Structure formats: structure tokens, C-alpha cells
Amino acid sequence: MNIRNLFPAALICAAFATPALAAPTAQSPVAAAVKLADWQLAHLDDLSHIPRATEETRKTRGWEQAVFWVGMTALADAGAPPRITEAVLAMGRRNAWRPGDNLYFADDQAIAQAYVWAAGHGAGAAALAPTKAAFDTVVDKPAVTTLAFAIPPEGYGATECLKRWCWCDALFMAPPAFAELSRQTGDDRYLRFAMKEFWATTDFLYDPAEHLYYRDSRFFERRDNGRKVFWARGNGWVFGGMARVIPLLGAGSADRTRMEALFKDMAAKVKSLQKPDGYWAPSLLAPENSPPETSGTAFYTYGLAWGIHQGLLPRAEYEPAVRKGWAALERAIQPDGRLGWVQQVGDRPDQVLPSDTQYFGVGAFLLAATAVAELDRKPR
């Protein structure tokens, strides 16, 4: 696969110049995030702005919308107006606090992150009950299957290993919900399950030489002009997921010590791969002629800013990357208010256009905004 073949030369020359010419806004990160959140809320039921919308996109309990709501919880915690919290609570009530229909599928567990947050922000124990019932089944009767990713003739959804976390995206979707449920209930079964599966996936998909994750086992041998294929958003899922899980691990615990070390290893690699324009290329090791891409960029900006604030990353070394990433994200806001340059649903690097947006890209932007705002509040 050569991602550069996906982009006609004329499109590259014309479209890629747009973000470089646009001036960043002067508003605070939280104000920028609230403005974008309001835009997305106003378009929540309008899929016409999503170029590759499918039936999955329509699912209010599916992962595409779930990541937006995860970002909304972070925005609410960052001091956004009460309407942001109310929107999350209203969503949960509409969904009757139910995760997705597939108990063992991490993508269908992602929405539970918003539910467990809501339980502590006005919704009460009722918001936990359906998630707890679903997760009880998962931890008491864990799936037994290989992590090798093999799509059968029946199609993607029938892939056996999807009952476990056999694709790197899953490390954002599921572990934070399991870990937070343990914190709120005092039942460590959920956290123990999450850590067991997290490390199993990491041992399988993490390339210690490159300090990056393969999306799944199908990519072990794939190359982009001779270079390994590491997908920006895929690694962004993992990097952002660790930022959400690490605070829920016991101080000094073996899991926390190991995950913090992994996070720092990834951070160093991620920083080295940022392009001069502040974005990360969809194919991380093949940046030539690559488009702006905001979902991966948002997750990296979020993770790096969070890591600085937590004292895991030296501020002097990593803050320039955060500032470049945030400026790139600001430039990606389109004239109509949408977040542009979001690579659409997929499992590998792909083409991206200025008008491309998606719920999960907005969610990642909100996470980045809140982490940058927290960094702004921390004395240098």
C-alpha cells in the first residue's frame, strides 16, 4: 500500500495549503471546544455532513457517537457551561443507559465511559446498572479466542477475535470504562480483567523496535514504500486510552508502573513523527505528501499535554509539540464551524479532505482542548 497514490497531485497542492494559510483563533481551548461541541450537538441527527455515514454511524450507542460523548464528559469537567453536562445526561436517558448490543465487542462498550461518568454527575446508580450487568457477563465468562485477525467469508463482523481486544482501537474503547467501574463499585474484577486483556493485546500488537502498535495482525507484514504501516488514529486510540486509564491505576502498582513506561516510550516516538505543520501523517512512517489529519493529531495532542501535566513528560521537551498540534487543530475548523480533515471510518491510512468530519474526531478535539487548557493553568 502506498498512501500517496490515494491523493491526486492537484488535490495535494491545492488542499494542503489551506490549513497553513488559515490563522489560529485567539479564543481559549475550552471556548473553542464548547463552540465545536455546540456545532456537533446542533448536527447530532444530521448525517449529511459525514461523507461515509453508515448504519453504524446512526447508532446512538455505537462507538462513532460514543467517542464524542467521551469528549463531552472531559469538556464538562473542564468547566464548560452546564448545558454540556445536561447534554450527556440527556443522551444517557435516551439510551436507557445501555451499552451496545454486542456484550463482548469493545466498540459497543465505549459508550459506557460516558455512563459511568454520568453516574457521578447527577444520574446516580441507575446509570451504572446496565453497564455493570453487561460487564459482569464479560468478566465472569471471558471470551476464549486467538488475537489473530482473520476475516471469514461471512464478513468483518463475524471475525472471531473481535470478542477480545484484537485491534488496537479497542484499547481506547473499553479499558477506561472497566477501570472506572471498578473505582466506583469497589469491585476490582473489572480492572483486573481490563489489565489482563490490555497487556495481552500489547504483547501481541506492540512493535518494541518502533514503539508503535500495529492496527491488527493483518498489518504485521504490510509495507508503505518499504516502511511498516502504523496508522495514526490507531496509535492515537492507544495513546489517548492510556491517558484515561493511568489515573485509575493504583499509585505504584505494577500495572501503573508498566503503563507509564509504555506511555513515555510511545510519547518519544510520537513527538519525533510530528510534521512541521503540526499534524501527524495518516501513515506515521510515510509523511511525504500526506494530508492534514485531525483525529490522530487530536489524540496525540491530548496525550502529550496530559503527560506533561501529570509530570510524566518534561515540559520543555514536549510542550512545543503540543502547541503545534493544537494550532493545527484550530486551523482545521472549517468556515461552517465543523472540524475538518477527519479521516473517515477505516482500519488503515486513507485519503482525507478539508470537509471530512466525524463524531469521533470532534470527541478527540474536545479531549485535546481540555488537556491543553489544563496545561495552560499549570505554572511553568
# chains A, B, ... in the order shown; residues from 1 in each chain; ligands from 1
call {"tool": "residues_around", "arguments": {"residues": "region 90-104 of chain A", "least_positions_apart": "4", "cutoff": "9 Å", "atoms": "only C-alpha atoms", "output": "PyMOL selection string"}}
result
chain A and resi 59-63+69+85-86+108-112+114-115+118+123+126-131+134-135+137-138+142-143+162-164
call {"tool": "select_by_dssp", "arguments": {"residues": "region 204-313 of chain A", "states": "strand (DSSP E)", "output": "MDAnalysis selection string"}}
result
chainID A and resid 206:207 212:213 223:224 227:228
call {"tool": "write_last_selection", "arguments": {"atoms": "N, CA, C and O atoms", "output": "compact mmCIF listing (two decimals), in the first residue's frame"}}
result
# COMPACT_ATOMS: atom_id res chain seq x y z
N TYR A 206 2.12 -4.58 19.84
CA TYR A 206 3.11 -3.51 20.01
C TYR A 206 4.45 -3.93 19.39
O TYR A 206 4.95 -5.02 19.66
N ASP A 207 5.01 -3.05 18.59
CA ASP A 207 6.32 -3.27 17.98
C ASP A 207 7.36 -2.56 18.85
O ASP A 207 7.46 -1.32 18.82
N LEU A 212 5.40 1.55 18.51
CA LEU A 212 4.08 1.81 17.96
C LEU A 212 3.30 0.50 17.87
O LEU A 212 3.89 -0.58 17.88
N TYR A 213 1.98 0.64 17.74
CA TYR A 213 1.10 -0.52 17.64
C TYR A 213 0.67 -0.74 16.19
O TYR A 213 0.29 0.21 15.48
N ARG A 223 3.63 -3.12 4.07
CA ARG A 223 4.62 -2.04 3.98
C ARG A 223 4.09 -0.91 3.11
O ARG A 223 3.34 -1.12 2.17
N ASP A 224 4.51 0.31 3.43
CA ASP A 224 4.22 1.51 2.64
C ASP A 224 5.55 2.00 2.09
O ASP A 224 6.35 2.59 2.83
N ARG A 227 8.23 0.74 4.20
CA ARG A 227 8.15 1.07 5.61
C ARG A 227 6.92 0.42 6.24
O ARG A 227 5.87 0.30 5.62
N LYS A 228 7.04 0.06 7.50
CA LYS A 228 5.94 -0.56 8.21
C LYS A 228 4.74 0.39 8.25
O LYS A 228 4.91 1.62 8.30
call {"tool": "closest_residue", "arguments": {"among": "A:Ala321, A:Ala281, A:Leu353, A:Ala148", "to": "Arg218 (chain A)", "atoms": "only C-alpha atoms"}}
result
A:Ala148
call {"tool": "closest_residue", "arguments": {"among": "A:Leu339, A:Asp265, A:Glu317, A:Leu249", "to": "Leu191 (chain A)", "atoms": "only C-alpha atoms"}}
result
A:Leu249
call {"tool": "residues_around", "arguments": {"residues": "Gly363 (chain A)", "least_positions_apart": "2", "cutoff": "12 Å", "atoms": "only C-alpha atoms", "output": "CSV table (one decimal) with all heavy atoms, in the first residue's frame"}}
result
chain,number,residue,atom,x,y,z
A,33,ALA,N,-13.6,24.5,22.2
A,33,ALA,CA,-14.2,23.2,22.3
A,33,ALA,C,-15.7,23.3,22.5
A,33,ALA,O,-16.5,22.6,21.9
A,33,ALA,CB,-13.6,22.4,23.5
A,34,VAL,N,-16.1,24.3,23.3
A,34,VAL,CA,-17.6,24.5,23.5
A,34,VAL,C,-18.2,24.9,22.2
A,34,VAL,O,-19.3,24.4,21.9
A,34,VAL,CB,-17.8,25.5,24.6
A,34,VAL,CG1,-19.3,25.9,24.7
A,34,VAL,CG2,-17.4,25.0,26.0
A,36,LEU,N,-17.3,24.1,19.2
A,36,LEU,CA,-17.4,22.9,18.3
A,36,LEU,C,-18.4,22.0,18.9
A,36,LEU,O,-19.2,21.4,18.1
A,36,LEU,CB,-16.0,22.3,18.2
A,36,LEU,CG,-16.0,21.0,17.3
A,36,LEU,CD1,-16.4,21.3,15.9
A,36,LEU,CD2,-14.6,20.4,17.4
A,37,ALA,N,-18.5,21.8,20.2
A,37,ALA,CA,-19.5,20.9,20.8
A,37,ALA,C,-20.9,21.4,20.4
A,37,ALA,O,-21.8,20.5,20.1
A,37,ALA,CB,-19.3,20.8,22.3
A,40,GLN,N,-21.6,20.4,16.9
A,40,GLN,CA,-21.9,19.0,16.7
A,40,GLN,C,-23.3,18.6,17.3
A,40,GLN,O,-24.1,17.8,16.7
A,40,GLN,CB,-20.9,18.1,17.4
A,40,GLN,CG,-21.0,16.6,17.1
A,40,GLN,CD,-20.8,16.3,15.7
A,40,GLN,OE1,-19.7,16.3,15.1
A,40,GLN,NE2,-22.0,16.1,15.0
A,41,LEU,N,-23.6,19.2,18.5
A,41,LEU,CA,-25.0,19.0,19.1
A,41,LEU,C,-26.1,19.4,18.1
A,41,LEU,O,-27.1,18.8,18.0
A,41,LEU,CB,-25.1,19.7,20.4
A,41,LEU,CG,-24.2,19.1,21.6
A,41,LEU,CD1,-24.2,20.0,22.8
A,41,LEU,CD2,-24.8,17.7,22.0
A,63,TRP,N,-19.8,3.1,18.7
A,63,TRP,CA,-18.6,3.8,19.0
A,63,TRP,C,-18.4,5.1,18.4
A,63,TRP,O,-17.7,6.0,19.0
A,63,TRP,CB,-17.4,2.9,18.7
A,63,TRP,CG,-17.2,2.7,17.2
A,63,TRP,CD1,-17.7,1.9,16.3
A,63,TRP,CD2,-16.2,3.5,16.4
A,63,TRP,NE1,-17.3,2.0,15.1
A,63,TRP,CE2,-16.3,3.0,15.1
A,63,TRP,CE3,-15.4,4.6,16.7
A,63,TRP,CZ2,-15.6,3.6,14.0
A,63,TRP,CZ3,-14.6,5.1,15.6
A,63,TRP,CH2,-14.7,4.6,14.3
A,64,GLU,N,-18.9,5.3,17.2
A,64,GLU,CA,-18.7,6.6,16.5
A,64,GLU,C,-19.2,7.8,17.3
A,64,GLU,O,-18.6,8.8,17.4
A,64,GLU,CB,-19.3,6.5,15.1
A,64,GLU,CG,-18.6,5.5,14.2
A,64,GLU,CD,-19.2,5.4,12.8
A,64,GLU,OE1,-19.6,6.5,12.2
A,64,GLU,OE2,-19.4,4.3,12.3
A,65,GLN,N,-20.4,7.6,17.7
A,65,GLN,CA,-21.0,8.7,18.6
A,65,GLN,C,-20.5,8.6,20.0
A,65,GLN,O,-20.3,9.7,20.7
A,65,GLN,CB,-22.5,8.6,18.6
A,65,GLN,CG,-23.2,8.9,17.2
A,65,GLN,CD,-24.7,9.1,17.3
A,65,GLN,OE1,-25.2,9.7,18.2
A,65,GLN,NE2,-25.4,8.7,16.2
A,66,ALA,N,-20.1,7.5,20.5
A,66,ALA,CA,-19.7,7.3,21.9
A,66,ALA,C,-18.4,8.2,22.1
A,66,ALA,O,-18.3,8.8,23.2
A,66,ALA,CB,-19.4,5.8,22.1
A,67,VAL,N,-17.5,8.2,21.2
A,67,VAL,CA,-16.3,9.0,21.4
A,67,VAL,C,-16.6,10.5,21.5
A,67,VAL,O,-15.9,11.2,22.3
A,67,VAL,CB,-15.2,8.7,20.3
A,67,VAL,CG1,-14.0,9.5,20.5
A,67,VAL,CG2,-14.9,7.2,20.3
A,68,PHE,N,-17.6,10.9,20.8
A,68,PHE,CA,-18.0,12.3,21.0
A,68,PHE,C,-18.4,12.6,22.4
A,68,PHE,O,-18.1,13.5,23.1
A,68,PHE,CB,-19.1,12.7,20.0
A,68,PHE,CG,-19.8,14.0,20.3
A,68,PHE,CD1,-19.2,15.2,20.3
A,68,PHE,CD2,-21.2,14.0,20.7
A,68,PHE,CE1,-19.8,16.4,20.6
A,68,PHE,CE2,-21.8,15.2,21.0
A,68,PHE,CZ,-21.1,16.4,20.9
A,69,TRP,N,-19.2,11.6,23.0
A,69,TRP,CA,-19.7,11.8,24.3
A,69,TRP,C,-18.6,11.7,25.4
A,69,TRP,O,-18.7,12.3,26.4
A,69,TRP,CB,-20.9,10.8,24.6
A,69,TRP,CG,-22.1,11.1,23.8
A,69,TRP,CD1,-22.6,10.4,22.7
A,69,TRP,CD2,-22.9,12.3,23.8
A,69,TRP,NE1,-23.7,11.0,22.2
A,69,TRP,CE2,-23.9,12.2,22.8
A,69,TRP,CE3,-22.9,13.4,24.6
A,69,TRP,CZ2,-24.9,13.1,22.6
A,69,TRP,CZ3,-23.9,14.4,24.4
A,69,TRP,CH2,-24.8,14.2,23.4
A,70,VAL,N,-17.6,10.9,25.1
A,70,VAL,CA,-16.5,10.8,26.0
A,70,VAL,C,-15.8,12.2,26.0
A,70,VAL,O,-15.4,12.7,27.1
A,70,VAL,CB,-15.5,9.7,25.5
A,70,VAL,CG1,-14.1,9.8,26.3
A,70,VAL,CG2,-16.0,8.3,25.7
A,71,GLY,N,-15.6,12.8,24.9
A,71,GLY,CA,-15.0,14.1,24.9
A,71,GLY,C,-15.9,15.1,25.6
A,71,GLY,O,-15.4,16.1,26.3
A,72,MET,N,-17.2,15.0,25.5
A,72,MET,CA,-18.1,15.9,26.2
A,72,MET,C,-18.0,15.8,27.7
A,72,MET,O,-18.1,16.8,28.4
A,72,MET,CB,-19.6,15.6,25.8
A,72,MET,CG,-19.9,16.0,24.4
A,72,MET,SD,-20.2,17.8,24.2
A,72,MET,CE,-21.9,17.9,24.8
A,73,THR,N,-17.7,14.6,28.2
A,73,THR,CA,-17.5,14.4,29.7
A,73,THR,C,-16.3,15.2,30.1
A,73,THR,O,-16.3,15.8,31.2
A,73,THR,CB,-17.5,13.0,30.1
A,73,THR,OG1,-16.3,12.3,29.6
A,73,THR,CG2,-18.7,12.2,29.7
A,74,ALA,N,-15.2,15.1,29.3
A,74,ALA,CA,-14.0,15.8,29.7
A,74,ALA,C,-14.2,17.3,29.6
A,74,ALA,O,-13.7,18.1,30.4
A,74,ALA,CB,-12.9,15.4,28.7
A,75,LEU,N,-15.0,17.8,28.6
A,75,LEU,CA,-15.3,19.2,28.5
A,75,LEU,C,-16.1,19.7,29.6
A,75,LEU,O,-15.9,20.8,30.2
A,75,LEU,CB,-16.0,19.4,27.1
A,75,LEU,CG,-16.4,20.9,26.8
A,75,LEU,CD1,-15.1,21.7,26.8
A,75,LEU,CD2,-17.1,20.9,25.4
A,114,ALA,N,-19.1,7.2,29.0
A,114,ALA,CA,-20.0,8.4,29.4
A,114,ALA,C,-21.0,8.0,30.5
A,114,ALA,O,-21.3,8.9,31.3
A,114,ALA,CB,-20.7,8.8,28.1
A,237,TRP,N,-5.6,6.1,19.3
A,237,TRP,CA,-6.6,5.4,20.2
A,237,TRP,C,-5.8,4.9,21.4
A,237,TRP,O,-6.3,5.1,22.6
A,237,TRP,CB,-7.3,4.3,19.5
A,237,TRP,CG,-8.3,4.6,18.5
A,237,TRP,CD1,-8.3,4.1,17.2
A,237,TRP,CD2,-9.5,5.4,18.6
A,237,TRP,NE1,-9.4,4.6,16.5
A,237,TRP,CE2,-10.1,5.4,17.3
A,237,TRP,CE3,-10.0,6.1,19.6
A,237,TRP,CZ2,-11.3,6.0,17.1
A,237,TRP,CZ3,-11.2,6.8,19.4
A,237,TRP,CH2,-11.9,6.8,18.1
A,240,GLY,N,-4.3,7.9,23.6
A,240,GLY,CA,-5.4,8.6,24.4
A,240,GLY,C,-6.0,7.7,25.4
A,240,GLY,O,-6.3,8.1,26.5
A,294,THR,N,-6.9,15.2,11.5
A,294,THR,CA,-7.2,15.8,12.8
A,294,THR,C,-7.5,14.7,13.9
A,294,THR,O,-7.3,15.0,15.1
A,294,THR,CB,-8.3,16.8,12.8
A,294,THR,OG1,-9.4,16.2,12.1
A,294,THR,CG2,-7.8,18.0,12.0
A,295,SER,N,-8.0,13.6,13.6
A,295,SER,CA,-8.3,12.6,14.6
A,295,SER,C,-7.1,12.1,15.3
A,295,SER,O,-6.9,12.2,16.6
A,295,SER,CB,-9.2,11.5,14.1
A,295,SER,OG,-8.5,10.7,13.2
A,296,GLY,N,-6.1,11.6,14.5
A,296,GLY,CA,-4.8,11.2,15.1
A,296,GLY,C,-4.1,12.4,15.8
A,296,GLY,O,-3.6,12.3,16.9
A,298,ALA,N,-5.4,15.0,17.2
A,298,ALA,CA,-6.1,15.4,18.4
A,298,ALA,C,-5.7,14.4,19.5
A,298,ALA,O,-5.4,14.9,20.7
A,298,ALA,CB,-7.6,15.4,18.2
A,299,PHE,N,-5.7,13.2,19.3
A,299,PHE,CA,-5.3,12.2,20.3
A,299,PHE,C,-3.9,12.4,20.8
A,299,PHE,O,-3.6,12.3,22.0
A,299,PHE,CB,-5.5,10.8,19.8
A,299,PHE,CG,-7.0,10.3,19.9
A,299,PHE,CD1,-7.6,9.9,18.7
A,299,PHE,CD2,-7.7,10.4,21.0
A,299,PHE,CE1,-8.9,9.5,18.8
A,299,PHE,CE2,-9.0,10.0,21.1
A,299,PHE,CZ,-9.7,9.5,20.0
A,302,TYR,N,-3.7,15.6,22.8
A,302,TYR,CA,-4.3,15.3,24.1
A,302,TYR,C,-3.3,14.5,25.0
A,302,TYR,O,-3.1,14.9,26.2
A,302,TYR,CB,-5.6,14.5,23.9
A,302,TYR,CG,-6.1,13.7,25.1
A,302,TYR,CD1,-6.4,14.4,26.3
A,302,TYR,CD2,-6.3,12.4,25.1
A,302,TYR,CE1,-6.9,13.8,27.4
A,302,TYR,CE2,-6.8,11.7,26.2
A,302,TYR,CZ,-7.1,12.4,27.3
A,302,TYR,OH,-7.6,11.7,28.4
A,339,LEU,N,-15.4,20.6,12.4
A,339,LEU,CA,-14.0,20.2,12.4
A,339,LEU,C,-13.7,19.4,11.1
A,339,LEU,O,-14.3,18.4,10.8
A,339,LEU,CB,-13.7,19.3,13.6
A,339,LEU,CG,-12.3,18.7,13.7
A,339,LEU,CD1,-11.2,19.7,13.8
A,339,LEU,CD2,-12.2,17.6,14.7
A,342,VAL,N,-10.9,15.1,9.1
A,342,VAL,CA,-11.0,13.9,9.9
A,342,VAL,C,-11.1,12.7,9.0
A,342,VAL,O,-12.0,12.5,8.2
A,342,VAL,CB,-12.3,13.9,10.8
A,342,VAL,CG1,-12.3,12.7,11.7
A,342,VAL,CG2,-12.3,15.2,11.7
A,357,THR,N,-15.6,15.2,8.3
A,357,THR,CA,-15.7,15.3,9.7
A,357,THR,C,-16.4,14.1,10.3
A,357,THR,O,-16.8,13.2,9.5
A,357,THR,CB,-16.5,16.6,10.1
A,357,THR,OG1,-16.3,16.8,11.5
A,357,THR,CG2,-18.0,16.5,9.8
A,358,GLN,N,-16.4,13.9,11.6
A,358,GLN,CA,-17.0,12.7,12.2
A,358,GLN,C,-17.1,13.0,13.7
A,358,GLN,O,-16.4,13.7,14.3
A,358,GLN,CB,-16.1,11.5,11.9
A,358,GLN,CG,-16.8,10.4,11.2
A,358,GLN,CD,-17.9,9.6,12.0
A,358,GLN,OE1,-18.1,9.9,13.2
A,358,GLN,NE2,-18.5,8.6,11.4
A,359,TYR,N,-18.1,12.3,14.3
A,359,TYR,CA,-18.3,12.4,15.7
A,359,TYR,C,-17.1,12.2,16.5
A,359,TYR,O,-16.7,12.9,17.4
A,359,TYR,CB,-19.4,11.4,16.2
A,359,TYR,CG,-20.8,11.6,15.6
A,359,TYR,CD1,-21.3,10.6,14.7
A,359,TYR,CD2,-21.6,12.7,15.9
A,359,TYR,CE1,-22.5,10.8,14.1
A,359,TYR,CE2,-22.8,12.8,15.3
A,359,TYR,CZ,-23.3,11.9,14.4
A,359,TYR,OH,-24.6,12.0,13.9
A,360,PHE,N,-16.4,11.1,16.2
A,360,PHE,CA,-15.2,10.7,17.0
A,360,PHE,C,-14.1,11.7,16.8
A,360,PHE,O,-13.3,11.9,17.8
A,360,PHE,CB,-14.7,9.3,16.6
A,360,PHE,CG,-14.4,9.0,15.2
A,360,PHE,CD1,-13.3,9.5,14.6
A,360,PHE,CD2,-15.4,8.3,14.4
A,360,PHE,CE1,-13.0,9.2,13.2
A,360,PHE,CE2,-15.1,8.0,13.1
A,360,PHE,CZ,-14.0,8.5,12.5
A,361,GLY,N,-13.9,12.3,15.7
A,361,GLY,CA,-12.9,13.4,15.5
A,361,GLY,C,-13.2,14.6,16.4
A,361,GLY,O,-12.3,15.1,17.0
A,365,PHE,N,-11.0,16.1,19.5
A,365,PHE,CA,-10.7,17.5,19.6
A,365,PHE,C,-11.1,18.0,21.0
A,365,PHE,O,-10.3,18.8,21.6
A,365,PHE,CB,-11.5,18.3,18.6
A,365,PHE,CG,-11.2,19.8,18.5
A,365,PHE,CD1,-10.4,20.3,17.6
A,365,PHE,CD2,-11.9,20.6,19.5
A,365,PHE,CE1,-10.2,21.7,17.6
A,365,PHE,CE2,-11.6,22.0,19.4
A,365,PHE,CZ,-10.8,22.5,18.5
A,366,LEU,N,-12.2,17.6,21.6
A,366,LEU,CA,-12.6,18.1,22.9
A,366,LEU,C,-11.6,17.6,24.0
A,366,LEU,O,-11.3,18.3,24.9
A,366,LEU,CB,-14.0,17.6,23.2
A,366,LEU,CG,-15.1,18.0,22.3
A,366,LEU,CD1,-16.5,17.5,22.8
A,366,LEU,CD2,-15.2,19.4,21.9
A,367,LEU,N,-11.2,16.3,23.8
A,367,LEU,CA,-10.2,15.8,24.8
A,367,LEU,C,-8.9,16.7,24.7
A,367,LEU,O,-8.3,17.0,25.7
A,367,LEU,CB,-9.9,14.4,24.5
A,367,LEU,CG,-11.0,13.4,24.8
A,367,LEU,CD1,-10.6,12.0,24.3
A,367,LEU,CD2,-11.2,13.3,26.3
A,368,ALA,N,-8.4,16.9,23.5
A,368,ALA,CA,-7.2,17.7,23.3
A,368,ALA,C,-7.4,19.1,23.9
A,368,ALA,O,-6.5,19.6,24.6
A,368,ALA,CB,-6.9,17.8,21.8
A,369,ALA,N,-8.5,19.8,23.7
A,369,ALA,CA,-8.8,21.1,24.2
A,369,ALA,C,-8.7,21.1,25.7
A,369,ALA,O,-8.1,22.1,26.3
A,369,ALA,CB,-10.1,21.6,23.7
A,370,THR,N,-9.3,20.2,26.3
A,370,THR,CA,-9.3,20.2,27.8
A,370,THR,C,-7.9,19.9,28.4
A,370,THR,O,-7.6,20.5,29.4
A,370,THR,CB,-10.3,19.1,28.4
A,370,THR,OG1,-9.9,17.8,27.9
A,370,THR,CG2,-11.7,19.4,27.9
call {"tool": "atom_distance", "arguments": {"atom1": "CA of Cys168 (chain A)", "atom2": "CA of Gly346 (chain A)"}}
result
12.6 Å
call {"tool": "residues_around", "arguments": {"residues": "Ala31 (chain A)", "least_positions_apart": "4", "cutoff": "8 Å", "atoms": "only C-alpha atoms", "output": "MDAnalysis selection string"}}
result
chainID A and resid 27 35 80
call {"tool": "write_last_selection", "arguments": {"atoms": "N, CA, C and O atoms", "output": "short mmCIF file (atom, residue, chain, number, x, y, z; two decimals), in the first residue's frame"}}
result
data_model
loop_
_atom_site.label_atom_id
_atom_site.label_comp_id
_atom_site.auth_asym_id
_atom_site.auth_seq_id
_atom_site.Cartn_x
_atom_site.Cartn_y
_atom_site.Cartn_z
N GLN A 27 -9.31 32.44 20.85
CA GLN A 27 -10.12 32.02 21.98
C GLN A 27 -9.42 30.92 22.77
O GLN A 27 -8.50 30.26 22.29
N LYS A 35 -17.59 25.73 21.48
CA LYS A 35 -18.15 26.16 20.20
C LYS A 35 -18.30 24.98 19.25
O LYS A 35 -19.34 24.83 18.58
N ALA A 80 -16.96 23.71 31.33
CA ALA A 80 -17.87 24.15 30.27
C ALA A 80 -19.23 24.51 30.88
O ALA A 80 -19.56 24.10 32.00
#
call {"tool": "residues_around", "arguments": {"residues": "Ser290 (chain A)", "least_positions_apart": "2", "cutoff": "7 Å", "atoms": "only C-alpha atoms", "output": "list of chain:residue names"}}
result
A:Arg4, A:Ala281, A:Pro287, A:Glu288, A:Pro292
call {"tool": "closest_residue", "arguments": {"among": "A:Trp306, A:Leu312, A:Ala373, A:Pro152", "to": "Gly241 (chain A)", "atoms": "only C-alpha atoms"}}
result
A:Trp306
call {"tool": "residues_around", "arguments": {"residues": "Ala179 (chain A)", "least_positions_apart": "5", "cutoff": "7 Å", "atoms": "only C-alpha atoms", "output": "ChimeraX atom specification"}}
result
/A:190-191,194,245,248
call {"tool": "closest_residue", "arguments": {"among": "A:Ile246, A:Ala286, A:Arg222, A:Phe239", "to": "Val270 (chain A)", "atoms": "only C-alpha atoms"}}
result
A:Phe239
call {"tool": "residues_around", "arguments": {"residues": "Gly250 (chain A)", "least_positions_apart": "4", "cutoff": "12 Å", "atoms": "only C-alpha atoms", "output": "list in words"}}
result
Ala179, Ser182, Arg183, Asp188, Leu191, Arg192, Val245, Ile246, Ala254, Asp255, Arg256, Thr257, Arg258, Met259 and Glu260 of chain A
call {"tool": "closest_residue", "arguments": {"among": "A:Pro176, A:Gly155, A:Pro51, A:Pro335", "to": "Phe198 (chain A)", "atoms": "only C-alpha atoms"}}
result
A:Pro176
call {"tool": "closest_residue", "arguments": {"among": "A:Arg83, A:Arg331, A:Arg58, A:Arg233", "to": "Ala364 (chain A)", "atoms": "only C-alpha atoms"}}
result
A:Arg233
call {"tool": "atom_distance", "arguments": {"atom1": "CA of Gly340 (chain A)", "atom2": "CA of Ser355 (chain A)"}}
result
5.0 Å
